[in-house]
Every structure is written in C-alpha cells, then in structure tokens.
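Chemist: Below are the structure tokens for one structure; questions will follow.
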Amino acid sequence: MDKYLWLIPALPLGGFLILALAGRQLSRPMVAIVGAGSICLSALVTFAVGSAFLAGMPANPVYTQTLWTWFEVGGFSAKITLTLDVLSLVFVFVITFIGALIHIYSTAFMEEDRDYARFFASMNLFVFSMLVLVLADNLLLMYLGWEGVGLCSYLLIGFWYEQSANGNAARKAFTVTRIGDAAMAIGLFMVFQQAGTLVISDIGANASAIWQVNGTIVTVTALLLLAGGLGKSAQLPLQTWLPDAMAGPSPVSALIHAATMVTAGVYLVARMHAIFALSETARLVIAVIGAATLLLAGLTALTQYDIKRVLAYSTISQIGYMFLALGVGAWTAAIFHFMIHAFFKALLFLAAGAIIESLHHEHNMFKMGGLKDKMPVVFWTFLAGAVSLAAVPLVSAGFYSKDQILWYSWSANGGGPLLWAVALSGALITAAYTTRMMILTFWGDSYTPVGHLPGKRMTMPLVVLAVFSIFAGFIELPHNFGHLTLFSDLLHPVLPETIMRDNVPSEWLFQLLAALATLGGIFLGYHYYYQQPARVESLRHNALLASLHRFWFSGWGFDALYDKMLVKPFIFISKINKSDITDKLYTGIAAATDEMYKLLARTQSGSLRWYIMGLVVGAILILGIQIML
Amino acid sequence: MKTAVSVEVVVLLAGLLFALGIVGVIIRKNIIFMLLSVEIMLNASGLAFVAAGSRWGQPDGQVMFVFILAMAAAEVSIGLALILQIYHQHKSLDIDNLKEMNG
C-alpha cells in the first residue's frame, strides 16, 4: 500500500490542473465534484496508506519514495522524494481529512460565487503544496511547498479582489510572511554550508557531529529557521497579518489560517528538532515567544467585535501554546495540541462562516444574538468547538491537549514557574473570550434576521468535526489518570521524549489549577456578558480601562508601530525617489551631450573665413605643441 | 654651379609667401582673391620643396613641385568653375554673402 504514497499529493495537483485549465468549460456540479472529489480521494488514500504504514510500524518507522531527481548541480542533487513517518502522517491526516470536510462545506458555501472554479483550483493547489511541505524529505522541496502555501494563502485571502481592502490584506499577509521566509532561506543556506546536505534525516542523524552544543552557529541557524516559522505561524513579532487575513472566505480561514498552513511553523520546528535540541537559547526564545504571543493575542481576542477576528486572535494564541510546548521540549504535546486545535478551530471557523452567511454577511457579534434556537445545528456544533477551545475539563479534547502543555510548561526541562503562570492565565483568558463569543452570538436578543439556514453539505462537516473536537482527546490521557499515551507513543520514533525536571509537584495540583482557570474564565464571561451586561458598560466609562481596551483592540498597537517604523519611512523614501535617483546619472549624460551638441552646432556658422581661421589656429597649435615637445 | 643664396633664406621666403597666402585667404572678401592667395600658398610650399631638393642634392623636390603644379592647375580650373556658378546664383563674389550652409 505504501507505494501509493505519491497519489496523496498527486490527486489535489490533478484537481488543480483540471480546474485551472478547463474550469471555465465545466459546469458547477462538475467543478464541485473535481474540486472536492480530489481531496476526498486523497483522504481515502491517506487512510489506506496510513493504516498499512501503522501496521508495519515498529519494523519500518520511515517510508521513503523517490519520484525523480529535480536537479543536480555539482555534488548537490535535489530529489523529489516523499518521506512518510508518523509526524508527517499526523499532518497529512489532518490536511487531507479536515481539508476534505472543508471542501465539501465549500461546495455549498461558495455555490453563489462567480469564480467557483478559481476558488477550488486555489484550494486544491494549496492542499497539494501543504502536502509537499509535510512529505518532503529534504529542506529544498519543503521550501517549495512552503512558498506554495504562501502563494495560495495570498490568492485566497484576496479571493474577493473587487474590494481593495481584501487585496491589501492579501498583500500584507504575503509581505509579512516573506520577512520570515527570507530569514528561513538564509537559515537553509547555513544548514547546507555546515551540513553539506539538505536531506532532513541526514541532518537529524549527524546534527550532534556537525554542530557543537549551544554553539553560536547552531543558535543562529536555529533562530533563522525559527523566524520562518514565526512568519508562517503568525507569532510575535510577525503576527499582524493573520487578523487581516480574515478578509478571505470562511472555508479559507478554516483550512489555511486555522488548521494547516499557520501550523507549518510548528511542523518546521518539530521536524528540525535535532537542530533546536542543540541550542538552549533557541528553545528559550521559542518558549518565551510562544508564551508572550498566547497572552497578547488572548487579551486582544477579548476585545474584538468581529467574530472572525476573535477566532483569528484565538488561533494566534493557540499556536502560541504549541510554540511554548516546543520551547520547553514537550514535542509530542505540541503536535497533539496541533491536531486537536485543527479540529476545533476549523469547526469554529466553518460554523462562524455559516452564521455570517445566514445573517447576510454580518460579522459583528454584537449584532448577532439569539441564534441558539434559530440555528440549532450550528449552535450545538459551535458549542462543541467552543468547549474544546476553552478546554472544559474532562469532556473536551482541548482539555487533554492543553492540560499537557500547561503541565510540561512547569515540569519539563526547559519549563519554569513563569512560563507556566503565563500559560495558566492564558487558559483563563481563552475561556473568558470563548464564553463572551458564545453568549454574544447565541444568547440574548436577536438583532439581525436570519436568512436561509445552512444545508446538509454545510452541516455534515460541522457535525463530524464536532465529534472529533470532543472525543479526539481520549487517545492521550494524563499520566495520573488513565495514563493512555497512544498518541505520544506513536510519535516517539520521530520526536524525542520530554525530559522532566526533578522534584516537580504533583500533576493533580496542576490539573486542578488548569480546571479552575477554565471555569473561572467561563464564569467571568458569563458574569459580565450574561448576568450583568450593564457592568461592562460601566467598566467602559473608566478612562484607564477604555484606553486599555482601545490598545488591546488595536492588537497592542503593532500595526501602528510597524506603520511608523517601516511603512512610513518606505513611503517617504519612495516619494523622494519618485523621479528615480538612479536614473539621474543616465538622463544627466544624455542632457550634457545635448547641450554640447547645441554649443558646437553654433560654430557651424557657414562663414568660410571662420572655418579657415579654425584650420589655421589648429595648425599653429599642433605645430606649437610639436615644437615645444 | 655655386649658389649665391643659402637654403635658409629660400625657406624663409617660402614661409613668408605662405603666411602672405594665409593672411590673404583670411582677410579678403572676394572669392577670386582668396583663390589667388591659395595659389600663392601652393607656390610657397613648392618653393620650399625645390629649396630642400637642391640642399640635399635630390631630384625628389623638383618632382614634388611638378606634382604641385599639376594639382594647382586642376584646383584652379575647378575653383574657377565653382566661382562662376557662385556668381551666377548670387550675383556677387563676396564670401560673407554665402552663409547659407550654417549649422
């Protein structure tokens, strides 16, 4: 079965080619069948290949398939080689399975759209690029996929390009991630210079021989690779693009900006863990950035009005958790949270998309309200996703994944009380903004009339994802109860075990505190937005709180800061250079030639005696020079 | 035959004639006089050739003079023809009236 691995990325590529070349000629049902069918088939192949791979698991932990040689230069040959191990299998599973559900949802969601075929062509190309990214056996091929997903993200954010705001959002996303990508490219050059190869397994096997532990070079290399991950995963300081990326259609937000592409940074760090394991500084940087991001984005989510922006900031915050886990050395916990997050965040985005469409493109949560009884399916599925996001103890998948990260952020080797405290307050904030979002959307008075309700093709993916958001957590239970480690055992052939500190307090205590933080957050949201909505109003009259609210609402002023620091100077320089300073030299030469021609043309007077004078004077001069010398 | 004048004097005379010719070409307005001055310059150079040939005892100087004579004859015939044409078109021989070829 393994030999069909190439089909997994090839099917979406085929779908893209058909839709891109013949999309205009195909009827709408045909476009839907090709667009969604290719991903569904790819998901089926993934199940077949994955189960065959897992069956032969302990004996063959890695399956490699070389398709052809991309190019050969000198001693370096880049091959198109796919590698399947458990880490990439988890990602491929999430991409194809959630991707298939989102494509099915999109067939209904985008039905009215003029560019039906263009949408599915871009989506299929995205899935193909993402699969190349996670299946690549060398960093060069991975970079191809990495840039491919960036391109598709750009195309899909600006999908409704008639509004210039959408185009600007797309450009912003592309430019900001490009900063990280440039750093990552330099990182790849450094890896190649030191290791002499870009094949990931070779680098991983020889890392300790190539680099010395905690050396400067390995730290710089790791940080450059990390910068690429920070750009793609919208972490500090490159997080500003993701909230604006919500300009794209909701399925795009669900697939690209929640479930898959934004976690590419997590994949990169996990995949290159051999390099990061050698640099304590780099791991500390990852943990600190993750902790700072999760807190900052969580507080911002607390103040937003637009339901999709709440979810966007929540995504940034949850990826912050994953980075925190990677930083403290809890590799499997990060991947586990990635998978669970993909389920519930894709669900939340799809449900939000269904709500927004039913309410005639109303994004503002304060204008929704009272949808609990009007859209029951969306309500219950959204509730499942929200419960998982808030990490409600015991009953939600999010609890099991987040609790693990909270526990490791104290007890793992790279963790500490400060990181844990930040993560815990992040959990409280998460629960609070999730409750706020739920109450504003589904309870209270209805402000906007509900249009048509979502059909079966939209609700079916919601229900499937809701089931996973609740039950997927049970494959990994905490050590002190259940002690089920299916998922981490699965990943351990690829990712190292988490090294624990000595003398850590009991895990029960941490779980109790995490549960209390979640319940406390839910209570806060419930109290302020359900029981006593007037108190929110009274808080708003406090000048300090109001300015804090404005500050958080603007995403901690990052956009304004970058505008002052980078955009304004750039515009200023380009304004100076409007008439092209570089061209001045060439236009100057042309102008001087022209002037001299005019000057000499005046000596062409037509007077014969002047010409003779010129001749004589010239002859005398030449003779004089001859005699003098 | 013993020469009474030294070659330096002859070359000096040639230089003087040449200078006279140049001055004539520059300052005269009448095209015919300018042509005459050019002839004087040609003869000055011819004289210098002859003097140099007699000084070194070589026949080349006189050979060159014969060439110059032939060339001068051609030049004068073409020059006079041009002058005739100029006079036909402009009814004047004043060189300053012929400035139509200015750049």
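Order determines the names: the first chain of the structure tokens is A, the second B, and so forth; residues in each chain are numbered 1 upward, and ligands are numbered 1 upward as they are shown.
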Residues of chain A were defined as contacting chain B if any atom lay at most 6 Å from it, counting only C-alpha atoms; please report them as a PyMOL selection string.

Modeler: chain A and resi 601+604-607+609

Chemist: Would you save the residues from that selection as a PDB file, in the first residue's frame, using N, CA and C atoms?

Modeler:
```pdb
ATOM      1  N   ALA A 601      27.170  73.172 -32.451  1.00  0.00           N
ATOM      2  CA  ALA A 601      26.417  73.454 -33.662  1.00  0.00           C
ATOM      3  C   ALA A 601      26.493  74.935 -34.001  1.00  0.00           C
ATOM      4  N   GLN A 604      29.139  76.011 -36.402  1.00  0.00           N
ATOM      5  CA  GLN A 604      28.855  75.698 -37.808  1.00  0.00           C
ATOM      6  C   GLN A 604      28.123  76.899 -38.418  1.00  0.00           C
ATOM      7  N   SER A 605      28.884  78.045 -38.560  1.00  0.00           N
ATOM      8  CA  SER A 605      28.202  79.287 -38.898  1.00  0.00           C
ATOM      9  C   SER A 605      27.972  79.435 -40.401  1.00  0.00           C
ATOM     10  N   GLY A 606      28.686  78.625 -41.199  1.00  0.00           N
ATOM     11  CA  GLY A 606      28.574  78.787 -42.643  1.00  0.00           C
ATOM     12  C   GLY A 606      29.564  79.808 -43.192  1.00  0.00           C
ATOM     13  N   SER A 607      30.280  80.511 -42.303  1.00  0.00           N
ATOM     14  CA  SER A 607      31.239  81.500 -42.751  1.00  0.00           C
ATOM     15  C   SER A 607      32.564  80.809 -43.056  1.00  0.00           C
ATOM     16  N   ARG A 609      35.403  81.984 -43.791  1.00  0.00           N
ATOM     17  CA  ARG A 609      36.618  82.557 -43.180  1.00  0.00           C
ATOM     18  C   ARG A 609      36.834  82.091 -41.765  1.00  0.00           C
TER      19      ARG A 609
END
```

Chemist: Write down as a ChimeraX atom specification the residues belonging to chain B that are assigned alpha helix (DSSP H) by DSSP computed on the backbone.

Modeler: /B:7-27,31-56,60-90

Chemist: Emit the selected residues as a PDB file, in the first residue's frame, including C-alpha atoms.

Modeler:
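Output below, filename again-v7.pdb:
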```pdb
ATOM      1  CA  VAL B   7      68.795  77.490 -48.440  1.00  0.00           C
ATOM      2  CA  GLU B   8      67.705  79.132 -45.176  1.00  0.00           C
ATOM      3  CA  VAL B   9      66.878  82.357 -46.958  1.00  0.00           C
ATOM      4  CA  VAL B  10      64.845  80.485 -49.570  1.00  0.00           C
ATOM      5  CA  VAL B  11      62.870  78.582 -46.912  1.00  0.00           C
ATOM      6  CA  LEU B  12      62.301  81.841 -45.064  1.00  0.00           C
ATOM      7  CA  LEU B  13      60.982  83.358 -48.288  1.00  0.00           C
ATOM      8  CA  ALA B  14      58.738  80.358 -48.743  1.00  0.00           C
ATOM      9  CA  GLY B  15      57.431  80.788 -45.174  1.00  0.00           C
ATOM     10  CA  LEU B  16      56.794  84.435 -45.825  1.00  0.00           C
ATOM     11  CA  LEU B  17      54.892  83.679 -49.010  1.00  0.00           C
ATOM     12  CA  PHE B  18      52.885  81.013 -47.177  1.00  0.00           C
ATOM     13  CA  ALA B  19      51.987  83.458 -44.402  1.00  0.00           C
ATOM     14  CA  LEU B  20      51.006  86.039 -47.006  1.00  0.00           C
ATOM     15  CA  GLY B  21      48.756  83.462 -48.623  1.00  0.00           C
ATOM     16  CA  ILE B  22      47.081  82.561 -45.352  1.00  0.00           C
ATOM     17  CA  VAL B  23      46.513  86.174 -44.448  1.00  0.00           C
ATOM     18  CA  GLY B  24      45.101  86.729 -47.919  1.00  0.00           C
ATOM     19  CA  VAL B  25      42.681  83.803 -47.577  1.00  0.00           C
ATOM     20  CA  ILE B  26      41.534  85.038 -44.198  1.00  0.00           C
ATOM     21  CA  ILE B  27      41.099  88.712 -44.765  1.00  0.00           C
ATOM     22  CA  ILE B  31      36.472  84.759 -53.680  1.00  0.00           C
ATOM     23  CA  ILE B  32      38.848  85.312 -56.650  1.00  0.00           C
ATOM     24  CA  PHE B  33      41.430  86.887 -54.394  1.00  0.00           C
ATOM     25  CA  MET B  34      41.038  84.048 -51.947  1.00  0.00           C
ATOM     26  CA  LEU B  35      41.740  81.617 -54.786  1.00  0.00           C
ATOM     27  CA  LEU B  36      44.817  83.674 -55.723  1.00  0.00           C
ATOM     28  CA  SER B  37      46.037  83.511 -52.117  1.00  0.00           C
ATOM     29  CA  VAL B  38      45.613  79.737 -52.134  1.00  0.00           C
ATOM     30  CA  GLU B  39      47.765  79.667 -55.284  1.00  0.00           C
ATOM     31  CA  ILE B  40      50.432  81.711 -53.500  1.00  0.00           C
ATOM     32  CA  MET B  41      50.391  79.185 -50.616  1.00  0.00           C
ATOM     33  CA  LEU B  42      50.780  76.317 -53.076  1.00  0.00           C
ATOM     34  CA  ASN B  43      53.744  78.034 -54.729  1.00  0.00           C
ATOM     35  CA  ALA B  44      55.289  78.766 -51.324  1.00  0.00           C
ATOM     36  CA  SER B  45      55.260  75.099 -50.468  1.00  0.00           C
ATOM     37  CA  GLY B  46      56.584  74.306 -53.953  1.00  0.00           C
ATOM     38  CA  LEU B  47      59.448  76.694 -53.405  1.00  0.00           C
ATOM     39  CA  ALA B  48      60.246  75.014 -50.094  1.00  0.00           C
ATOM     40  CA  PHE B  49      60.306  71.614 -51.853  1.00  0.00           C
ATOM     41  CA  VAL B  50      62.694  72.892 -54.552  1.00  0.00           C
ATOM     42  CA  ALA B  51      64.975  74.523 -51.970  1.00  0.00           C
ATOM     43  CA  ALA B  52      65.099  71.381 -49.885  1.00  0.00           C
ATOM     44  CA  GLY B  53      65.748  69.268 -53.020  1.00  0.00           C
ATOM     45  CA  SER B  54      68.717  71.427 -54.042  1.00  0.00           C
ATOM     46  CA  ARG B  55      70.013  71.436 -50.481  1.00  0.00           C
ATOM     47  CA  TRP B  56      70.152  67.638 -50.281  1.00  0.00           C
ATOM     48  CA  ASP B  60      62.510  64.474 -55.362  1.00  0.00           C
ATOM     49  CA  GLY B  61      61.935  68.125 -54.502  1.00  0.00           C
ATOM     50  CA  GLN B  62      61.510  69.086 -58.145  1.00  0.00           C
ATOM     51  CA  VAL B  63      59.347  66.014 -58.770  1.00  0.00           C
ATOM     52  CA  MET B  64      57.045  67.134 -55.969  1.00  0.00           C
ATOM     53  CA  PHE B  65      56.930  70.648 -57.462  1.00  0.00           C
ATOM     54  CA  VAL B  66      55.757  69.210 -60.789  1.00  0.00           C
ATOM     55  CA  PHE B  67      53.019  67.345 -58.913  1.00  0.00           C
ATOM     56  CA  ILE B  68      52.013  70.548 -57.146  1.00  0.00           C
ATOM     57  CA  LEU B  69      51.823  72.390 -60.434  1.00  0.00           C
ATOM     58  CA  ALA B  70      49.550  69.726 -61.896  1.00  0.00           C
ATOM     59  CA  MET B  71      47.360  69.742 -58.826  1.00  0.00           C
ATOM     60  CA  ALA B  72      47.238  73.545 -58.813  1.00  0.00           C
ATOM     61  CA  ALA B  73      46.101  73.564 -62.410  1.00  0.00           C
ATOM     62  CA  ALA B  74      43.267  71.144 -61.589  1.00  0.00           C
ATOM     63  CA  GLU B  75      42.386  73.117 -58.490  1.00  0.00           C
ATOM     64  CA  VAL B  76      42.232  76.411 -60.337  1.00  0.00           C
ATOM     65  CA  SER B  77      40.037  75.011 -63.093  1.00  0.00           C
ATOM     66  CA  ILE B  78      37.571  73.527 -60.548  1.00  0.00           C
ATOM     67  CA  GLY B  79      37.823  76.633 -58.362  1.00  0.00           C
ATOM     68  CA  LEU B  80      37.092  78.975 -61.270  1.00  0.00           C
ATOM     69  CA  ALA B  81      34.172  76.830 -62.343  1.00  0.00           C
ATOM     70  CA  LEU B  82      32.730  76.996 -58.793  1.00  0.00           C
ATOM     71  CA  ILE B  83      33.279  80.766 -58.683  1.00  0.00           C
ATOM     72  CA  LEU B  84      31.388  81.122 -61.973  1.00  0.00           C
ATOM     73  CA  GLN B  85      28.496  79.144 -60.529  1.00  0.00           C
ATOM     74  CA  ILE B  86      28.525  81.192 -57.324  1.00  0.00           C
ATOM     75  CA  TYR B  87      28.462  84.391 -59.356  1.00  0.00           C
ATOM     76  CA  HIS B  88      25.558  83.087 -61.416  1.00  0.00           C
ATOM     77  CA  GLN B  89      23.498  82.248 -58.371  1.00  0.00           C
ATOM     78  CA  HIS B  90      24.334  85.096 -56.013  1.00  0.00           C
TER      79      HIS B  90
END
```

Chemist: From the set A:Val285, A:Ala254, A:Leu238, A:Leu495, which residue has the shortest atom-to-atom contact distance to Phe349 of chain A, counting only C-alpha atoms?

Modeler: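 Counting only C-alpha atoms, the residue closest to Phe349 of chain A is A:Ala254.
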